[in-house]
Every structure is written in C-alpha cells, then in structure tokens.
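Let me begin by presenting the structure, written as structure tokens, before commenting on it.
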Amino acid sequence: MRQLFTNACFHSLRTPDEQFSAVLCEDGIIIEIFQGQPEIAGVEVIDLQGAHVYPGFTDTHTHSFEGGLYNMAGELNCVSSISDVLEVLAETKPIGGIIFASNLDEQQLKEQRFPTRTELDSVCPDKLLLLRRIDGHSSVVNSVAAKQLREHFGTDFSGVLKYKLNGKAIRWFHRHIDEEGVVSAYRRASEIALKAGLTCVHTMIGDADSDLLHYNLIKENLHNFPVRFELYPQVLDIDKALETGSTRIGGCILADGSFGSHTAALKQPYTDKSALHPSPYHSDNFWQKFVEKAHINDLQVFVHAIGDAAIEQIIGAYTHANRKYPKNIRHGIIHCELLSPEMIEAMANENIVAVTQPMFDSLWGGREGMYARLLGVERAARTNSLGSFTRAGVTVTGGSDWYITELNPLAGIYAAMNIHNPEERLSVYEALSLYTRNVALLENNSQTRGTIEPTKIADFTCTDREIAETGQQAIVITTIREGKIVWEASPD
C-alpha cells in the first residue's frame, strides 16, 4: 500500500531552504516528493496536520541500557543536599533486587561531597546499592555491595570509586541483571527515544575491555524494538567484535576520563588543582596497535577522548593507520571536547568524525560553568568546538551520552545553536545536520538516509513548528519510521 503524507512542511535538508508539502512512500521508501497537494488515486492519505517534518533524527552516542535502566531508578539530578539524596534512595524501588541511582553532581550539594557509606547504609542496609555521578566516572556503593565486590575482586571498594574500580563496580552490578531485565531496559529506552523524535539510536554495549555483555542478546532482539538501534561492540578485543559481524568497534573505550572527575587527560594542569596533571589511560603504542589491527580488518574505531592530551593521542593513532594502510574508513572520536586549531585541522585531513554532545556546553559551559572552573576561562572557550569543526570540514554528529544527559535531540539542536562561545555556534541547518545528514556519513548510509528525497527510507521527525534560532522552541508531535507512525503525542 502506498502512502501519501500531506498537509505538512517537509524540510529535505538537501539544502538549507528546500521544502516540500507532500511525500509519497511505498514499503517504507520515499517514491516522490511534491510542491502543492497532489491528487493520487489508490493511496492511503496521512494528514500530518500542519507539522514541520525533518529526516528522522539519530542520536550517535548513548548508553541505552543504562539510560533505560536508570530511567527506572532513583533520579538525583535535582537534589541539593545529602538528606535529599538519602530521601530519594529510601523511596527508590529495586530492580532485580538492586537499588540504582544516578545523575548525582556532588558539587551542587550543600555539603559538596558524596554520601558516606554509613549514610547509604542508613537507608539501604540489606540490598545492593549503586549510586553514580552525573558523568558516570565516579560512584559509591553501600556496605552490602562493598563486601560482595571485595569477595569477588579481592580489592577494597571503600570511598568514592574512580578509574578502574569505578568500571569494575558498575560492570559487576550490571551483570547481576537477568536477560528479562536487560531487554526491559532497552524497551524503555526505545519508548523514550520515539517520544523524543528519534528514529535511530546508536548504543554502546560492552565493558570497554573484553566482555561484550549483552551485545548478542540485543542483536537477536533488534526486530522487537520500534526504534532502530545501531550497536557498538564496546570492547578492546577486536576478534570478538569481528565475530559479532559488526563493522565498527568502540564507543566509550577510554583514552581518558572526564573533566568533572578530574580524570580527563590534559596538556596543562587543571586550574582548580594545579598539581593535578592526568595522563592518558594508555600509551601511544597501545592505541597505534589497536587502531591498526581494527583498520586492517575494515572496522570503524570510536574512542572516548575528552582532554586535549588524549585527543591528540587518538588523532595520532588514526593518522598512523591511515598513512600505513590507506583506506576510506571514517574513524571517530567520542566527546572530543578540548582541542587546538591544529588538532581540528588534523581531524579534517584524516577524515575523523567528531561525535559530540552539544548539551555538555549548555550544562557546563560559560564563564561561570564547570569548564571555566576546572580549565580556566580561556581553555573553556575552546571546548565543544562545533563551529570550528564545521568550518574546517570535519564531519560532526550529535549525541546525548544518555544516561549522562537526557535523550532529547531537540535540546541538542538548540544547544548547538547557542554554544556559550559565539564563534562555535551553528546555524539551524548545521545543527539539524548533526542529527541527520552527518549521521548518514558516519554510518556510510548517505544513499538511503539523512535527507528527504526519492529512494531514501521514510524516517521522519515531525514537530509542531519550524525549528528556528528564535521564537518558541519546537515540540515533537509524531515520529515515523519506515513510513509507519510509531509514536504520536496525545491530542490535548
């Protein structure tokens, strides 16, 4: 059955201003686009009621398992004191017998610290409890969990967990969730994505070392989710990634940590802790060997790198592989926050994708924000260089790093247009491209996705008004995947 989507303004994104008023689809593929309202016999007419329609949005960096899981857990984003934290924990329902809570920014608490183990035990004495920092790079656990972790790893898990202890604890907790719980987390993630106008979500699965965790389980269940999940085997074991049939490897395989946890690798020390000058997590040689092996096997590589020392290291590894074995592979850097102009030029020369999170600047940028406090105002102005990337010809995509920030591409688009540093702001078209056209380049799907035109897949995100730099912000009202309405806002 052919479908005629009509009574809408379709923004093709082939150019900044190209618009259509109707689109004809068959079997989920766009057949024809129209100016005016065509009269075609034998089609199902779908009235979009004046919506503005864009190519289906894609978020290119999420941890959807954690996002779905922690959506069902304790939310600590708005707490202001330790007592508030404990109140949330006391009211949080366990998932598979475990209490999960996330999005704590201890710097925003009156006490400016994590709750102690004694405080955690006062509200959760007999169930496993994991409380994660907002950036995911620090956590605390209660006594029951610390005891079991010590028995399993032979290591003390006291105090605030960072670096390897943080990763070990989180993976241990996640492994204790059964298959039904894992699929439920992705089902919840899928529901949240559709409501946000996403037709596709890139999700990282694996322990960032050698364990694929539930990768194969979700791969087998992809047809059961109404959103398209693009899976990343998030491991350092290239052979295991190849066994999955994936064309990529990585995600948050870590070259460094985060600014908030003072674990991002910097070329100069932190401003607020002048003696602290973290190095990258691995050597240059480690990354050169890893990237070279993946590159030879035609795998796209994506590495988490935030600080300039780590980013420089990963650019070097990609450059080494590209020069030694020339291939048309777009490797990527996840987050890619603090760079010099020379690094940006090198990324353009080596066709490296910047997988960015515009909301990071919205949350932590500006002269009074976290970046300025930890890096100083001058260095902070060089973070989240979306405008510089775009002008240099670097392919830039947009993600949320969900569960770290909310799964909300519209928020990312508006954030990209309003970066604190005016030189780094994007136009509407450029900001929309982060979640559409540029994603198709990253996925090597430009022939089938990214714009609204004949032969492309009929994935659409519909909003109540045009996405513009000024005026009231748009709201998602309908999400369409492969020509089928998969989510609609309630008619209020």
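Identifiers in the structure tokens: chain A, B, ... in order shown; residue index from 1 per chain; ligand index from 1 in order shown.
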Next item on the list: Quick one: everything within 6 Å of segment 193-208 of chain A, counting only C-alpha atoms, minus sequence neighbours fewer than 6 positions away in the same chain. Send it as JSON, numbers by chain.
Entry: {"A": [56, 57, 58, 59, 60, 61, 62, 63, 64, 215, 227, 228, 229, 230, 231, 232, 233, 234, 235, 251, 253, 408, 461, 476, 479, 481]}
Taking the backbone alone, and naming residues the way the document does, which bits of segment 102-351 of chain A are strand (DSSP E) by DSSP, as a ChimeraX atom specification?
/A:102-104,128-133,139-141,198-205,228-233,248-254,300-305,332-335
Straight-line distance linking atom CA of Ala416 of chain A with atom CA of Ala381 of chain A, stated in Å to one decimal:
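So the two atoms, atom CA of Ala416 of chain A and atom CA of Ala381 of chain A, lie 14.3 Å apart.
Using only C-alpha atoms for every distance, the candidate list A:Asp135, A:Glu18, A:Asp298, A:Glu312 yields A:Glu312 as the residue closest to Ser279 of chain A.
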Of the residues A:Arg2, A:His277, A:Arg113, A:His11, which is the one nearest to Cys462 of chain A, using only C-alpha atoms?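 When distances to Cys462 of chain A are compared using only C-alpha atoms, the smallest one comes from A:His11.
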Quiz item: Neighbours of Pro278 of chain A within 12 Å (only C-alpha atoms; same-chain residues fewer than 3 positions away dropped), as a list of chain:residue names?
Solution: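 Non-adjacent residues within range: A:Tyr163, A:Ala255, A:Asp256, A:Gly257, A:Ser258, A:Phe259, A:Ser261, A:His262, A:Thr263, A:Ala264, A:Ala265, A:Leu266, A:Lys267, A:Gln268, A:Pro269, A:Tyr270, A:Lys273, A:Ser274, A:Ala275, A:Tyr281, A:His282, A:Ile306, A:Gly307, A:Asp308, A:Ala309, A:Ala310.
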Restricting the calculation to only C-alpha atoms, which member of A:Leu13, A:Val396, A:Met370, A:Ile404 is positioned closest to Ser102 of chain A?
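The answer is A:Ile404, which sits nearest to Ser102 of chain A.
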Contact residues around Gly50 of chain A with only C-alpha atoms at 12 Å, ignoring same-chain residues under 3 positions, as a list in words: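 In the requested format, the answer is Phe5, Thr6, Asn7, Ala8, Cys9, Phe10, Ser21, Ala22, Ile46, Asp47, Val53, Cys462, Thr463, Asp464, Arg465, Glu466, Ile477 and Thr478 of chain A.
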Output the selection as a PDB file, in the first residue's frame - C-alpha atoms for each residue.
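So part_13.pdb came out as:
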```
ATOM      1  CA  PHE A   5       1.950  12.110   3.695  1.00  0.00           C
ATOM      2  CA  THR A   6       0.385  15.502   3.235  1.00  0.00           C
ATOM      3  CA  ASN A   7      -0.596  18.816   4.864  1.00  0.00           C
ATOM      4  CA  ALA A   8       2.922  19.429   6.216  1.00  0.00           C
ATOM      5  CA  CYS A   9       6.108  21.350   5.540  1.00  0.00           C
ATOM      6  CA  PHE A  10       8.847  18.848   4.694  1.00  0.00           C
ATOM      7  CA  SER A  21       4.378  19.906   1.011  1.00  0.00           C
ATOM      8  CA  ALA A  22       3.750  16.187   0.378  1.00  0.00           C
ATOM      9  CA  ILE A  46      -1.978  10.579   6.053  1.00  0.00           C
ATOM     10  CA  ASP A  47      -2.761  14.130   7.166  1.00  0.00           C
ATOM     11  CA  VAL A  53       8.804  17.357   9.059  1.00  0.00           C
ATOM     12  CA  CYS A 462       7.505  15.833  12.988  1.00  0.00           C
ATOM     13  CA  THR A 463       7.381  18.972  15.131  1.00  0.00           C
ATOM     14  CA  ASP A 464       4.617  21.421  15.946  1.00  0.00           C
ATOM     15  CA  ARG A 465       6.530  24.384  14.483  1.00  0.00           C
ATOM     16  CA  GLU A 466       9.646  25.099  12.466  1.00  0.00           C
ATOM     17  CA  ILE A 477       4.412  15.568  17.886  1.00  0.00           C
ATOM     18  CA  THR A 478       4.889  12.498  15.655  1.00  0.00           C
TER      19      THR A 478
END
```
Contacts of Val183 of chain A within 9 Å, only C-alpha atoms, excl. fewer than 5 positions in-chain, as a PyMOL selection string | chain A and resi 65+178+188+217-218+221
**Item:** Residues near segment 320-337 of chain A, cut-off 9 Å, only C-alpha atoms, skip fewer than 4 positions along chain, as a ChimeraX atom specification
**Value:** /A:61,248,251-252,288-289,291-293,295-296,298-308,311,314-316,350-357,382-385,399,401,441-444
Would you mind listing what lies within 12 Å of Ser12 of chain A as a PyMOL selection string, with only C-alpha atoms counted and same-chain residues fewer than 2 positions away left out? chain A and resi 9-10+14-23+30+33-34+52-56+429+432-433+436-437+449-454+456+458-461
